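So this one's my_file.pdb, PDB, C-alpha atoms:
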ATOM      1  CA  MET A   1      97.201  75.038 116.622
ATOM      2  CA  ILE A   2      98.291  78.641 116.286
ATOM      3  CA  ARG A   3      95.884  81.548 116.128
ATOM      4  CA  VAL A   4      96.305  84.062 113.325
ATOM      5  CA  ALA A   5      94.878  87.464 112.486
ATOM      6  CA  ILE A   6      94.524  88.922 109.007
ATOM      7  CA  LEU A   7      94.881  92.686 108.921
ATOM      8  CA  GLY A   8      93.075  94.259 105.984
ATOM      9  CA  GLY A   9      90.550  91.630 104.979
ATOM     10  CA  SER A  10      88.889  93.259 101.982
ATOM     11  CA  GLY A  11      91.496  92.721  99.248
ATOM     12  CA  TYR A  12      92.413  89.920  96.867
ATOM     13  CA  THR A  13      95.456  88.787  98.839
ATOM     14  CA  ALA A  14      93.405  88.514 102.034
ATOM     15  CA  LEU A  15      90.807  86.373 100.248
ATOM     16  CA  GLU A  16      93.499  84.069  98.874
ATOM     17  CA  LEU A  17      95.148  83.886 102.288
ATOM     18  CA  ILE A  18      91.881  82.936 103.995
ATOM     19  CA  ARG A  19      91.277  80.181 101.443
ATOM     20  CA  LEU A  20      94.732  78.736 102.078
ATOM     21  CA  LEU A  21      94.590  79.004 105.875
ATOM     22  CA  LEU A  22      91.158  77.355 106.079
ATOM     23  CA  ARG A  23      92.772  74.137 104.877
ATOM     24  CA  HIS A  24      95.951  74.478 106.951
ATOM     25  CA  PRO A  25      95.964  71.761 109.652
ATOM     26  CA  HIS A  26      97.847  73.835 112.252
ATOM     27  CA  VAL A  27      96.063  77.191 111.950
ATOM     28  CA  GLN A  28      92.923  78.798 113.297
ATOM     29  CA  ILE A  29      91.869  82.181 111.899
ATOM     30  CA  ALA A  30      91.039  84.113 115.069
ATOM     31  CA  ALA A  31      90.421  87.642 113.775
ATOM     32  CA  ILE A  32      90.123  89.703 110.607
ATOM     33  CA  THR A  33      90.393  93.484 110.567
ATOM     34  CA  THR A  34      89.218  96.033 108.024
ATOM     35  CA  THR A  35      88.608  99.738 107.647
ATOM     36  CA  GLN A  36      85.255  98.990 106.025
ATOM     37  CA  PRO A  37      82.409 100.590 108.023
ATOM     38  CA  GLY A  38      79.866  98.645 109.996
ATOM     39  CA  ARG A  39      81.858  95.552 111.035
ATOM     40  CA  PRO A  40      80.841  93.475 107.990
ATOM     41  CA  PRO A  41      81.013  89.671 107.992
ATOM     42  CA  ILE A  42      83.987  88.556 105.929
ATOM     43  CA  ALA A  43      81.609  86.562 103.697
ATOM     44  CA  GLU A  44      79.883  89.821 102.840
ATOM     45  CA  LEU A  45      83.147  91.268 101.540
ATOM     46  CA  HIS A  46      84.047  87.991  99.806
ATOM     47  CA  PRO A  47      80.872  86.036  98.919
ATOM     48  CA  SER A  48      82.878  82.944  97.947
ATOM     49  CA  LEU A  49      83.561  82.449 101.676
ATOM     50  CA  LEU A  50      79.863  82.053 102.581
ATOM     51  CA  ASN A  51      79.380  79.052 104.916
ATOM     52  CA  ARG A  52      83.140  78.570 105.108
ATOM     53  CA  ILE A  53      84.029  81.165 107.745
ATOM     54  CA  ASP A  54      81.689  83.220 109.912
ATOM     55  CA  LEU A  55      84.036  85.859 111.353
ATOM     56  CA  VAL A  56      82.993  89.500 111.480
ATOM     57  CA  CYS A  57      85.611  92.058 110.447
ATOM     58  CA  GLU A  58      86.608  94.544 113.133
ATOM     59  CA  PRO A  59      88.666  97.738 113.280
ATOM     60  CA  PHE A  60      92.328  97.188 114.097
ATOM     61  CA  ASP A  61      92.985  97.104 117.862
ATOM     62  CA  ALA A  62      96.341  95.696 118.972
ATOM     63  CA  ASP A  63      95.220  95.124 122.572
ATOM     64  CA  ARG A  64      92.154  93.246 121.415
ATOM     65  CA  LEU A  65      94.187  90.992 119.140
ATOM     66  CA  VAL A  66      96.661  90.210 121.916
ATOM     67  CA  ALA A  67      93.749  89.466 124.267
ATOM     68  CA  ALA A  68      92.443  87.053 121.629
ATOM     69  CA  ASP A  69      95.749  85.130 121.926
ATOM     70  CA  VAL A  70      96.825  85.853 118.360
ATOM     71  CA  ASP A  71     100.220  84.291 117.661
ATOM     72  CA  VAL A  72     100.795  85.594 114.128
ATOM     73  CA  ALA A  73      99.378  88.520 112.174
ATOM     74  CA  PHE A  74      99.374  88.690 108.386
ATOM     75  CA  GLY A  75      99.511  92.301 107.230
ATOM     76  CA  CYS A  76      97.459  92.707 104.050
ATOM     77  CA  LEU A  77      97.602  96.473 104.388
ATOM     78  CA  PRO A  78      98.475  99.164 101.830
ATOM     79  CA  HIS A  79     102.057 100.337 101.486
ATOM     80  CA  GLY A  80     102.702 102.978 104.113
ATOM     81  CA  ALA A  81     100.059 101.646 106.495
ATOM     82  CA  SER A  82     102.006  98.611 107.711
ATOM     83  CA  MET A  83     104.911 100.546 109.194
ATOM     84  CA  THR A  84     102.546 102.626 111.348
ATOM     85  CA  THR A  85     100.275  99.713 112.338
ATOM     86  CA  LEU A  86     102.470  96.675 112.902
ATOM     87  CA  PRO A  87     104.804  97.997 115.643
ATOM     88  CA  ALA A  88     101.923  97.884 118.137
ATOM     89  CA  LEU A  89     101.716  94.112 117.626
ATOM     90  CA  LEU A  90     105.461  93.525 117.381
ATOM     91  CA  ASP A  91     105.966  95.364 120.686
ATOM     92  CA  ARG A  92     103.582  92.875 122.293
ATOM     93  CA  GLY A  93     105.465  89.836 120.989
ATOM     94  CA  VAL A  94     103.179  88.915 118.083
ATOM     95  CA  ARG A  95     104.995  87.499 115.068
ATOM     96  CA  VAL A  96     104.155  89.256 111.797
ATOM     97  CA  ILE A  97     104.243  88.400 108.103
ATOM     98  CA  ASP A  98     103.817  91.666 106.227
ATOM     99  CA  LEU A  99     102.579  91.487 102.634
ATOM    100  CA  SER A 100     103.199  95.178 101.923
ATOM    101  CA  ALA A 101     106.479  96.666 100.707
ATOM    102  CA  ASP A 102     107.178  98.554 103.925
ATOM    103  CA  TYR A 103     109.854  96.233 105.332
ATOM    104  CA  ARG A 104     111.387  94.742 102.165
ATOM    105  CA  LEU A 105     114.175  97.267 101.564
ATOM    106  CA  ARG A 106     116.801  97.219 104.284
ATOM    107  CA  ASP A 107     118.210 100.682 103.584
ATOM    108  CA  PRO A 108     115.762 103.425 104.665
ATOM    109  CA  ASN A 109     117.417 105.839 102.245
ATOM    110  CA  VAL A 110     116.659 103.497  99.350
ATOM    111  CA  TYR A 111     113.088 103.195 100.631
ATOM    112  CA  ALA A 112     112.726 106.974 100.737
ATOM    113  CA  GLN A 113     114.150 107.302  97.221
ATOM    114  CA  TRP A 114     111.763 104.795  95.628
ATOM    115  CA  TYR A 115     108.645 105.328  97.779
ATOM    116  CA  SER A 116     108.949 109.111  98.151
ATOM    117  CA  GLU A 117     108.490 109.085 101.931
ATOM    118  CA  SER A 118     110.613 108.498 104.990
ATOM    119  CA  HIS A 119     110.299 105.172 106.742
ATOM    120  CA  ALA A 120     108.341 105.483 109.981
ATOM    121  CA  ASP A 121     109.687 102.374 111.749
ATOM    122  CA  LEU A 122     113.466 102.158 111.559
ATOM    123  CA  ALA A 123     113.723  99.888 114.599
ATOM    124  CA  TYR A 124     111.727  97.002 113.156
ATOM    125  CA  LEU A 125     112.972  97.667 109.625
ATOM    126  CA  ALA A 126     116.443  96.756 110.911
ATOM    127  CA  GLN A 127     115.096  93.438 112.248
ATOM    128  CA  ALA A 128     112.930  92.398 109.296
ATOM    129  CA  VAL A 129     113.856  89.296 107.294
ATOM    130  CA  TYR A 130     113.105  89.193 103.584
ATOM    131  CA  GLY A 131     110.559  86.437 103.105
ATOM    132  CA  LEU A 132     111.830  84.500 100.129
ATOM    133  CA  PRO A 133     112.109  80.974 101.586
ATOM    134  CA  GLU A 134     114.316  79.532  98.849
ATOM    135  CA  LEU A 135     117.066  82.026  99.706
ATOM    136  CA  TYR A 136     116.453  83.179 103.299
ATOM    137  CA  GLY A 137     114.812  80.119 104.857
ATOM    138  CA  ASP A 138     117.091  79.806 107.892
ATOM    139  CA  GLU A 139     116.624  83.472 108.834
ATOM    140  CA  ILE A 140     112.856  83.240 108.354
ATOM    141  CA  ALA A 141     112.680  80.364 110.832
ATOM    142  CA  THR A 142     113.677  82.562 113.767
ATOM    143  CA  ALA A 143     112.243  85.894 112.637
ATOM    144  CA  GLN A 144     109.596  87.918 114.425
ATOM    145  CA  LEU A 145     108.937  90.089 111.361
ATOM    146  CA  VAL A 146     109.003  88.669 107.847
ATOM    147  CA  ALA A 147     108.711  90.997 104.856
ATOM    148  CA  ASN A 148     106.825  89.021 102.228
ATOM    149  CA  PRO A 149     108.419  89.532  98.794
ATOM    150  CA  GLY A 150     106.754  91.305  95.904
ATOM    151  CA  CYS A 151     105.104  89.356  93.108
ATOM    152  CA  TYR A 152     107.281  90.558  90.224
ATOM    153  CA  PRO A 153     110.540  90.269  92.194
ATOM    154  CA  GLN A 154     110.071  86.585  92.951
ATOM    155  CA  THR A 155     110.082  85.637  89.275
ATOM    156  CA  ALA A 156     113.122  87.830  88.619
ATOM    157  CA  ILE A 157     115.086  86.839  91.727
ATOM    158  CA  LEU A 158     114.446  83.104  91.586
ATOM    159  CA  GLY A 159     114.753  83.164  87.821
ATOM    160  CA  LEU A 160     118.235  84.675  87.979
ATOM    161  CA  ALA A 161     119.585  83.423  91.330
ATOM    162  CA  PRO A 162     121.312  80.266  90.023
ATOM    163  CA  LEU A 163     123.163  82.361  87.439
ATOM    164  CA  VAL A 164     124.390  85.104  89.765
ATOM    165  CA  ALA A 165     125.264  82.601  92.504
ATOM    166  CA  GLY A 166     127.551  80.689  90.200
ATOM    167  CA  GLY A 167     129.116  83.699  88.502
ATOM    168  CA  ALA A 168     127.577  82.500  85.268
ATOM    169  CA  ILE A 169     126.436  85.935  84.033
ATOM    170  CA  GLU A 170     127.589  89.533  84.072
ATOM    171  CA  LEU A 171     126.056  91.356  87.057
ATOM    172  CA  SER A 172     125.118  94.530  85.185
ATOM    173  CA  GLY A 173     123.022  95.113  82.091
ATOM    174  CA  ILE A 174     120.482  92.432  83.061
ATOM    175  CA  ILE A 175     117.108  93.048  81.381
ATOM    176  CA  VAL A 176     113.965  91.946  83.231
ATOM    177  CA  ASP A 177     110.763  92.169  81.181
ATOM    178  CA  SER A 178     107.603  91.219  83.103
ATOM    179  CA  LYS A 179     103.878  90.938  82.439
ATOM    180  CA  SER A 180     101.191  90.835  85.125
ATOM    181  CA  GLY A 181      97.500  90.070  85.221
ATOM    182  CA  VAL A 182      95.165  92.853  86.331
ATOM    183  CA  SER A 183      94.612  91.510  89.860
ATOM    184  CA  GLY A 184      98.185  92.565  90.620
ATOM    185  CA  ALA A 185      96.928  96.139  90.788
ATOM    186  CA  GLY A 186      94.637  95.308  93.718
ATOM    187  CA  ARG A 187      90.885  95.421  94.214
ATOM    188  CA  SER A 188      90.383  99.181  94.486
ATOM    189  CA  PRO A 189      88.952 100.609  91.245
ATOM    190  CA  LYS A 190      91.429 102.478  89.034
ATOM    191  CA  LEU A 191      91.111 103.880  85.537
ATOM    192  CA  ALA A 192      94.034 101.855  84.160
ATOM    193  CA  THR A 193      92.489  98.578  85.337
ATOM    194  CA  HIS A 194      88.909  99.455  84.353
ATOM    195  CA  PHE A 195      87.783  96.698  81.952
ATOM    196  CA  PRO A 196      87.291  98.902  78.855
ATOM    197  CA  GLU A 197      90.727 100.443  79.422
ATOM    198  CA  CYS A 198      92.812  97.286  79.893
ATOM    199  CA  ASN A 199      90.953  94.638  77.904
ATOM    200  CA  GLU A 200      92.444  93.864  74.472
ATOM    201  CA  SER A 201      95.501  95.940  75.373
ATOM    202  CA  VAL A 202      99.028  95.431  76.700
ATOM    203  CA  SER A 203     100.810  98.419  78.198
ATOM    204  CA  ALA A 204     104.045  99.131  80.037
ATOM    205  CA  TYR A 205     104.110 101.318  83.129
ATOM    206  CA  SER A 206     106.603 102.831  85.588
ATOM    207  CA  VAL A 207     109.372 102.420  83.026
ATOM    208  CA  GLY A 208     112.681 102.985  84.785
ATOM    209  CA  SER A 209     110.982 103.861  88.055
ATOM    210  CA  HIS A 210     109.142 100.792  89.310
ATOM    211  CA  ARG A 211     109.551 100.246  93.049
ATOM    212  CA  HIS A 212     110.339  96.566  92.669
ATOM    213  CA  THR A 213     113.658  97.395  91.001
ATOM    214  CA  PRO A 214     115.673  97.902  94.225
ATOM    215  CA  GLU A 215     114.019  94.839  95.773
ATOM    216  CA  ILE A 216     115.214  92.666  92.889
ATOM    217  CA  GLU A 217     118.695  94.166  93.062
ATOM    218  CA  GLN A 218     118.942  93.777  96.848
ATOM    219  CA  ALA A 219     118.194  90.052  96.834
ATOM    220  CA  LEU A 220     120.310  89.244  93.787
ATOM    221  CA  SER A 221     123.207  91.215  95.287
ATOM    222  CA  ASP A 222     122.891  89.063  98.424
ATOM    223  CA  VAL A 223     123.126  85.916  96.317
ATOM    224  CA  ALA A 224     126.003  87.208  94.201
ATOM    225  CA  GLU A 225     127.789  88.776  97.181
ATOM    226  CA  SER A 226     128.404  91.705  94.835
ATOM    227  CA  PRO A 227     126.227  94.543  93.470
ATOM    228  CA  VAL A 228     123.734  93.515  90.779
ATOM    229  CA  GLU A 229     122.052  95.973  88.425
ATOM    230  CA  VAL A 230     118.869  95.297  86.456
ATOM    231  CA  VAL A 231     116.640  97.204  84.054
ATOM    232  CA  PHE A 232     113.118  96.210  85.063
ATOM    233  CA  THR A 233     110.058  96.968  82.932
ATOM    234  CA  PRO A 234     106.581  95.808  84.023
ATOM    235  CA  HIS A 235     103.555  95.451  81.737
ATOM    236  CA  LEU A 236      99.841  95.049  82.355
ATOM    237  CA  ILE A 237      98.296  92.220  80.362
ATOM    238  CA  PRO A 238      94.550  91.499  80.046
ATOM    239  CA  MET A 239      94.148  88.414  82.216
ATOM    240  CA  ASP A 240      92.935  88.061  85.794
ATOM    241  CA  ARG A 241      96.064  86.618  87.358
ATOM    242  CA  GLY A 242      99.550  85.426  86.598
ATOM    243  CA  ILE A 243     103.015  86.889  86.080
ATOM    244  CA  TYR A 244     105.393  86.044  83.267
ATOM    245  CA  THR A 245     108.971  87.297  83.322
ATOM    246  CA  THR A 246     111.617  87.035  80.620
ATOM    247  CA  ALA A 247     115.129  88.036  81.672
ATOM    248  CA  TYR A 248     118.167  88.501  79.426
ATOM    249  CA  ALA A 249     121.784  88.365  80.637
ATOM    250  CA  VAL A 250     125.302  88.091  79.208
ATOM    251  CA  PRO A 251     127.028  84.830  80.182
ATOM    252  CA  THR A 252     130.581  84.834  81.485
ATOM    253  CA  ARG A 253     131.338  81.632  79.564
ATOM    254  CA  PRO A 254     129.566  79.555  76.907
ATOM    255  CA  PHE A 255     126.684  77.319  78.033
ATOM    256  CA  SER A 256     124.558  74.742  76.305
ATOM    257  CA  ASP A 257     120.862  74.544  77.148
ATOM    258  CA  GLU A 258     121.434  71.296  79.015
ATOM    259  CA  GLN A 259     124.265  72.791  81.097
ATOM    260  CA  LEU A 260     121.991  75.659  82.109
ATOM    261  CA  LEU A 261     119.166  73.312  83.033
ATOM    262  CA  GLU A 262     121.530  71.208  85.147
ATOM    263  CA  LEU A 263     122.713  74.360  86.924
ATOM    264  CA  TYR A 264     119.107  75.209  87.794
ATOM    265  CA  ARG A 265     118.165  71.673  88.799
ATOM    266  CA  ALA A 266     121.100  71.515  91.202
ATOM    267  CA  PHE A 267     120.342  74.943  92.709
ATOM    268  CA  TYR A 268     116.668  74.145  93.338
ATOM    269  CA  ALA A 269     117.003  70.443  94.135
ATOM    270  CA  GLU A 270     115.739  70.919  97.698
ATOM    271  CA  ARG A 271     113.236  73.687  96.887
ATOM    272  CA  PRO A 272     109.832  72.037  96.349
ATOM    273  CA  PHE A 273     108.017  75.082  94.981
ATOM    274  CA  VAL A 274     110.448  75.953  92.190
ATOM    275  CA  ARG A 275     109.925  73.724  89.169
ATOM    276  CA  VAL A 276     112.655  73.713  86.553
ATOM    277  CA  ARG A 277     110.939  73.062  83.242
ATOM    278  CA  THR A 278     112.551  71.281  80.317
ATOM    279  CA  GLY A 279     109.959  72.942  78.114
ATOM    280  CA  LEU A 280     108.869  76.564  78.331
ATOM    281  CA  PRO A 281     106.750  77.659  81.320
ATOM    282  CA  ALA A 282     103.241  79.093  80.944
ATOM    283  CA  THR A 283     101.064  80.974  83.422
ATOM    284  CA  LYS A 284      98.203  78.466  83.223
ATOM    285  CA  ASP A 285     100.516  75.759  84.556
ATOM    286  CA  THR A 286     100.951  77.702  87.812
ATOM    287  CA  LEU A 287      97.375  79.015  88.125
ATOM    288  CA  GLY A 288      96.045  78.605  91.667
ATOM    289  CA  THR A 289      99.293  77.041  92.917
ATOM    290  CA  ASN A 290     102.338  78.092  94.934
ATOM    291  CA  PHE A 291     104.713  76.880  92.227
ATOM    292  CA  LEU A 292     107.137  79.137  90.417
ATOM    293  CA  ASP A 293     108.091  77.593  87.087
ATOM    294  CA  VAL A 294     111.337  78.491  85.376
ATOM    295  CA  GLY A 295     112.993  77.632  82.063
ATOM    296  CA  VAL A 296     116.356  78.733  80.670
ATOM    297  CA  ARG A 297     117.946  78.849  77.230
ATOM    298  CA  SER A 298     121.177  79.922  75.566
ATOM    299  CA  VAL A 299     120.331  82.211  72.638
ATOM    300  CA  ARG A 300     122.845  84.090  70.441
ATOM    301  CA  GLY A 301     125.362  84.808  73.155
ATOM    302  CA  ARG A 302     122.749  85.554  75.817
ATOM    303  CA  VAL A 303     121.110  83.562  78.587
ATOM    304  CA  VAL A 304     117.332  83.862  78.406
ATOM    305  CA  VAL A 305     115.385  83.034  81.578
ATOM    306  CA  LEU A 306     111.615  82.514  81.559
ATOM    307  CA  ALA A 307     109.706  82.371  84.851
ATOM    308  CA  CYS A 308     106.042  82.482  85.806
ATOM    309  CA  GLU A 309     103.762  82.249  88.828
ATOM    310  CA  ASP A 310     100.247  82.956  90.064
ATOM    311  CA  ASN A 311     100.614  86.492  91.427
ATOM    312  CA  LEU A 312      97.993  86.033  94.163
ATOM    313  CA  VAL A 313      99.252  82.658  95.439
ATOM    314  CA  ARG A 314     102.996  82.310  94.912
ATOM    315  CA  GLY A 315     103.257  86.054  94.381
ATOM    316  CA  ALA A 316     101.617  86.953  97.702
ATOM    317  CA  SER A 317      99.455  84.767  99.948
ATOM    318  CA  GLY A 318     100.935  81.368  99.111
ATOM    319  CA  VAL A 319     104.502  82.401  99.856
ATOM    320  CA  ALA A 320     103.190  84.032 103.064
ATOM    321  CA  VAL A 321     101.919  80.611 104.169
ATOM    322  CA  GLN A 322     105.218  79.086 103.054
ATOM    323  CA  ASN A 323     106.936  81.612 105.331
ATOM    324  CA  LEU A 324     104.567  80.704 108.185
ATOM    325  CA  ASN A 325     105.543  77.059 107.780
ATOM    326  CA  ARG A 326     109.215  77.993 107.960
ATOM    327  CA  MET A 327     108.636  80.115 111.067
ATOM    328  CA  TYR A 328     107.028  77.210 112.933
ATOM    329  CA  GLY A 329     109.187  74.378 111.663
ATOM    330  CA  TRP A 330     106.415  72.644 109.715
ATOM    331  CA  ASP A 331     106.920  71.023 106.357
ATOM    332  CA  GLU A 332     107.185  73.884 103.893
ATOM    333  CA  ARG A 333     104.413  72.403 101.777
ATOM    334  CA  THR A 334     101.795  72.274 104.554
ATOM    335  CA  GLY A 335      98.485  73.704 103.365
ATOM    336  CA  LEU A 336      99.938  74.418  99.932
ATOM    337  CA  TRP A 337     100.555  71.077  98.255
TER
END
Using structure tokens, write down the structure that the file contains.
Amino acid sequence: MIRVAILGGSGYTALELIRLLLRHPHVQIAAITTTQPGRPPIAELHPSLLNRIDLVCEPFDADRLVAADVDVAFGCLPHGASMTTLPALLDRGVRVIDLSADYRLRDPNVYAQWYSESHADLAYLAQAVYGLPELYGDEIATAQLVANPGCYPQTAILGLAPLVAGGAIELSGIIVDSKSGVSGAGRSPKLATHFPECNESVSAYSVGSHRHTPEIEQALSDVAESPVEVVFTPHLIPMDRGIYTTAYAVPTRPFSDEQLLELYRAFYAERPFVRVRTGLPATKDTLGTNFLDVGVRSVRGRVVVLACEDNLVRGASGVAVQNLNRMYGWDERTGLW
């Protein structure tokens, strides 16, 4: 058994992570931290956990967590908070899976450009491994710090990876059009996600400036071994959870639908959580699971990729557990199947 801590226990990703870890055969949840006043029981913050876990949330204290023999910490902290909090644990030898964006972009100048602030932890940024198991699994296995991928980027990266890896598409002019359920915006109240504002409405946001753009390009450039450029546009759609991405690319040679499907099946043959669909994927088929479903078609001289996932499981907490399994050499499906 390993002992884990969850940092920032009040949000949706923390709740999903707790649910998954409670059924993991090799894990004991040893501590949960929060900035909420009064040291509330975790079941008070998340009533669905009543009678399932009786831990009280505490303020973050690195020495206390180390004294509690914590082996791994999951950072469910806001962007900007992880890079000032996690070094205290990393310095003490604790392994960390960070669910924020703070360690995803390798280049601190790119981080500063897209997040409008300088990175506060260049030392550990240089050591962080991007936590997409299907592409970086061997590096994750030995990492001390894993940067969990964003929810949107996973559908774009895994949706397009077989094409860029095989030189099957042009590496510029790729269009990535994504829709996300409202839980992707987090639990803190905001006007845009207030029910009367978002219900019965679909809206785009951060057009041309969304922070997931360089994350998508970084990973796809790794796969292609050459720079990749995408135009990424996210949309808010009135459902609780789920992400659906449609990507459009120019092929470098003609493909039939069956040739494209075979390319994807071969690429993901040993990747249990990517399901290549003969039919078209739908968000309800991935609801509550760690699966990412992908379909692909040849349409009028373009390759059209369709990918979907549950943004709270595969998009965040589920892939974090998948990364944990990689880090400790367990079957990747443990606690997730």
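For the pair atom CA of Arg104 of chain A and atom CA of Ser206 of chain A, the separation is 19.1 Å.
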Can you build me a table of segment 76-116 of chain A residues sitting at most 12 Å from segment 133-142 of chain A, with the closest atom pair per residue and its distance in Å to one decimal, using only C-alpha atoms, sorted by chain and residue number, as CSV?
residue,atom,partner,partner_atom,distance
A:Arg95,CA,A:Thr142,CA,10.1
A:Val96,CA,A:Ile140,CA,11.1
A:Ile97,CA,A:Ile140,CA,10.0
Q: Write out as an NGL selection string the residues lying within 12 Å of Tyr130 of chain A, counting only C-alpha atoms and excluding same-chain residues fewer than 2 positions away.
A: :A and (97-106 or 125-128 or 132-141 or 143-150 or 153-154 or 215-216 or 218-219 or 222 or 319-320 or 323)
**Q.** Nearest to His210 of chain A, chosen from A:Ser188, A:Trp114, A:Val176, A:Cys151, with only C-alpha atoms counted in the distances
**A.** A:Trp114
Q. What residues come out when you apply the PyMOL selection byres ((chain A and resi 5-8) around 9) to this file, written as an NGL selection string?
A. :A and (3-4 or 9-11 or 14 or 17-18 or 28-35 or 57 or 60 or 65 or 70-78)
Pull C-alpha atoms from the residues just selected and write them as a PDB file, keeping the file's coordinate frame.
ATOM      1  CA  ARG A   3      95.884  81.548 116.128  1.00  0.00           C
ATOM      2  CA  VAL A   4      96.305  84.062 113.325  1.00  0.00           C
ATOM      3  CA  GLY A   9      90.550  91.630 104.979  1.00  0.00           C
ATOM      4  CA  SER A  10      88.889  93.259 101.982  1.00  0.00           C
ATOM      5  CA  GLY A  11      91.496  92.721  99.248  1.00  0.00           C
ATOM      6  CA  ALA A  14      93.405  88.514 102.034  1.00  0.00           C
ATOM      7  CA  LEU A  17      95.148  83.886 102.288  1.00  0.00           C
ATOM      8  CA  ILE A  18      91.881  82.936 103.995  1.00  0.00           C
ATOM      9  CA  GLN A  28      92.923  78.798 113.297  1.00  0.00           C
ATOM     10  CA  ILE A  29      91.869  82.181 111.899  1.00  0.00           C
ATOM     11  CA  ALA A  30      91.039  84.113 115.069  1.00  0.00           C
ATOM     12  CA  ALA A  31      90.421  87.642 113.775  1.00  0.00           C
ATOM     13  CA  ILE A  32      90.123  89.703 110.607  1.00  0.00           C
ATOM     14  CA  THR A  33      90.393  93.484 110.567  1.00  0.00           C
ATOM     15  CA  THR A  34      89.218  96.033 108.024  1.00  0.00           C
ATOM     16  CA  THR A  35      88.608  99.738 107.647  1.00  0.00           C
ATOM     17  CA  CYS A  57      85.611  92.058 110.447  1.00  0.00           C
ATOM     18  CA  PHE A  60      92.328  97.188 114.097  1.00  0.00           C
ATOM     19  CA  LEU A  65      94.187  90.992 119.140  1.00  0.00           C
ATOM     20  CA  VAL A  70      96.825  85.853 118.360  1.00  0.00           C
ATOM     21  CA  ASP A  71     100.220  84.291 117.661  1.00  0.00           C
ATOM     22  CA  VAL A  72     100.795  85.594 114.128  1.00  0.00           C
ATOM     23  CA  ALA A  73      99.378  88.520 112.174  1.00  0.00           C
ATOM     24  CA  PHE A  74      99.374  88.690 108.386  1.00  0.00           C
ATOM     25  CA  GLY A  75      99.511  92.301 107.230  1.00  0.00           C
ATOM     26  CA  CYS A  76      97.459  92.707 104.050  1.00  0.00           C
ATOM     27  CA  LEU A  77      97.602  96.473 104.388  1.00  0.00           C
ATOM     28  CA  PRO A  78      98.475  99.164 101.830  1.00  0.00           C
TER      29      PRO A  78
END
Q: Starting from the displayed file, determine the output of the PyMOL selection byres ((chain A and resi 173) around 9) and express the residue list as a list of chain:residue names.
A: A:Glu170, A:Leu171, A:Ser172, A:Ile174, A:Ile175, A:Val228, A:Glu229, A:Val230, A:Val231, A:Tyr248, A:Ala249, A:Val250
Residues of the last selection are to be written out with C-alpha atoms, as a PDB file, keeping the file's coordinate frame.
ATOM      1  CA  GLU A 170     127.589  89.533  84.072  1.00  0.00           C
ATOM      2  CA  LEU A 171     126.056  91.356  87.057  1.00  0.00           C
ATOM      3  CA  SER A 172     125.118  94.530  85.185  1.00  0.00           C
ATOM      4  CA  ILE A 174     120.482  92.432  83.061  1.00  0.00           C
ATOM      5  CA  ILE A 175     117.108  93.048  81.381  1.00  0.00           C
ATOM      6  CA  VAL A 228     123.734  93.515  90.779  1.00  0.00           C
ATOM      7  CA  GLU A 229     122.052  95.973  88.425  1.00  0.00           C
ATOM      8  CA  VAL A 230     118.869  95.297  86.456  1.00  0.00           C
ATOM      9  CA  VAL A 231     116.640  97.204  84.054  1.00  0.00           C
ATOM     10  CA  TYR A 248     118.167  88.501  79.426  1.00  0.00           C
ATOM     11  CA  ALA A 249     121.784  88.365  80.637  1.00  0.00           C
ATOM     12  CA  VAL A 250     125.302  88.091  79.208  1.00  0.00           C
TER      13      VAL A 250
END
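Closest to Ala156 of chain A among A:Pro108, A:Gly181, A:Gly38, A:Pro234 is A:Pro234, based on all atoms listed in the file.
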Q | Spatial neighbours of Ile243 of chain A, 8 Å, all atoms listed in the file, chain gap at least 2 places, as an MDAnalysis selection string | A | chainID A and resid 151:152 155 178:181 241 245 283 308:311
Q) If you measure from atom CA of His212 of chain A to atom CA of Tyr12 of chain A, what distance in Å do you get, rounded to one decimal? A)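 Interatomic distance here is 19.6 Å.
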Q: Starting from the displayed file, determine the output of the PyMOL selection byres ((chain A and resi 233) around 6) and express the residue list as a ChimeraX atom specification.
A: /A:177,207,232,234
Q. In Å, how far is it from atom CA of Pro238 of chain A to atom CA of Val304 of chain A?
A. 24.1 Å
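Ranking A:Gly315, A:Gly329, A:Pro162, A:Gly186 by their shortest atom-to-atom distance to Arg265 of chain A, with only C-alpha atoms included, puts A:Pro162 first.
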Q | Given all atoms listed in the file as the counted atoms, nearest of A:Ala67, A:Ala247, A:Met327, A:Val274 to Ile169 of chain A | A |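 Checking each candidate against Ile169 of chain A, we get A:Ala247 as the closest.
The shortest atom-to-atom distance to Val164 of chain A, with only C-alpha atoms taken into account, belongs to A:Glu217 out of A:Glu200, A:Asp331, A:Asp121, A:Glu217.
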**Q.** Long-range neighbours of Thr334 of chain A as a PyMOL selection string, 7 Å cut-off, all atoms listed in the file, 3 positions minimum in chain
**A.** chain A and resi 24+325+330-331+337
**Q.** Polymer residues at most 9 Å from Asp63 of chain A, all atoms listed in the file, same-chain spacing of 3 or more positions, as a list in words
**A.**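 My reading of the contact set: Val66, Ala67, Ala68, Ala88, Leu89 and Arg92 of chain A.
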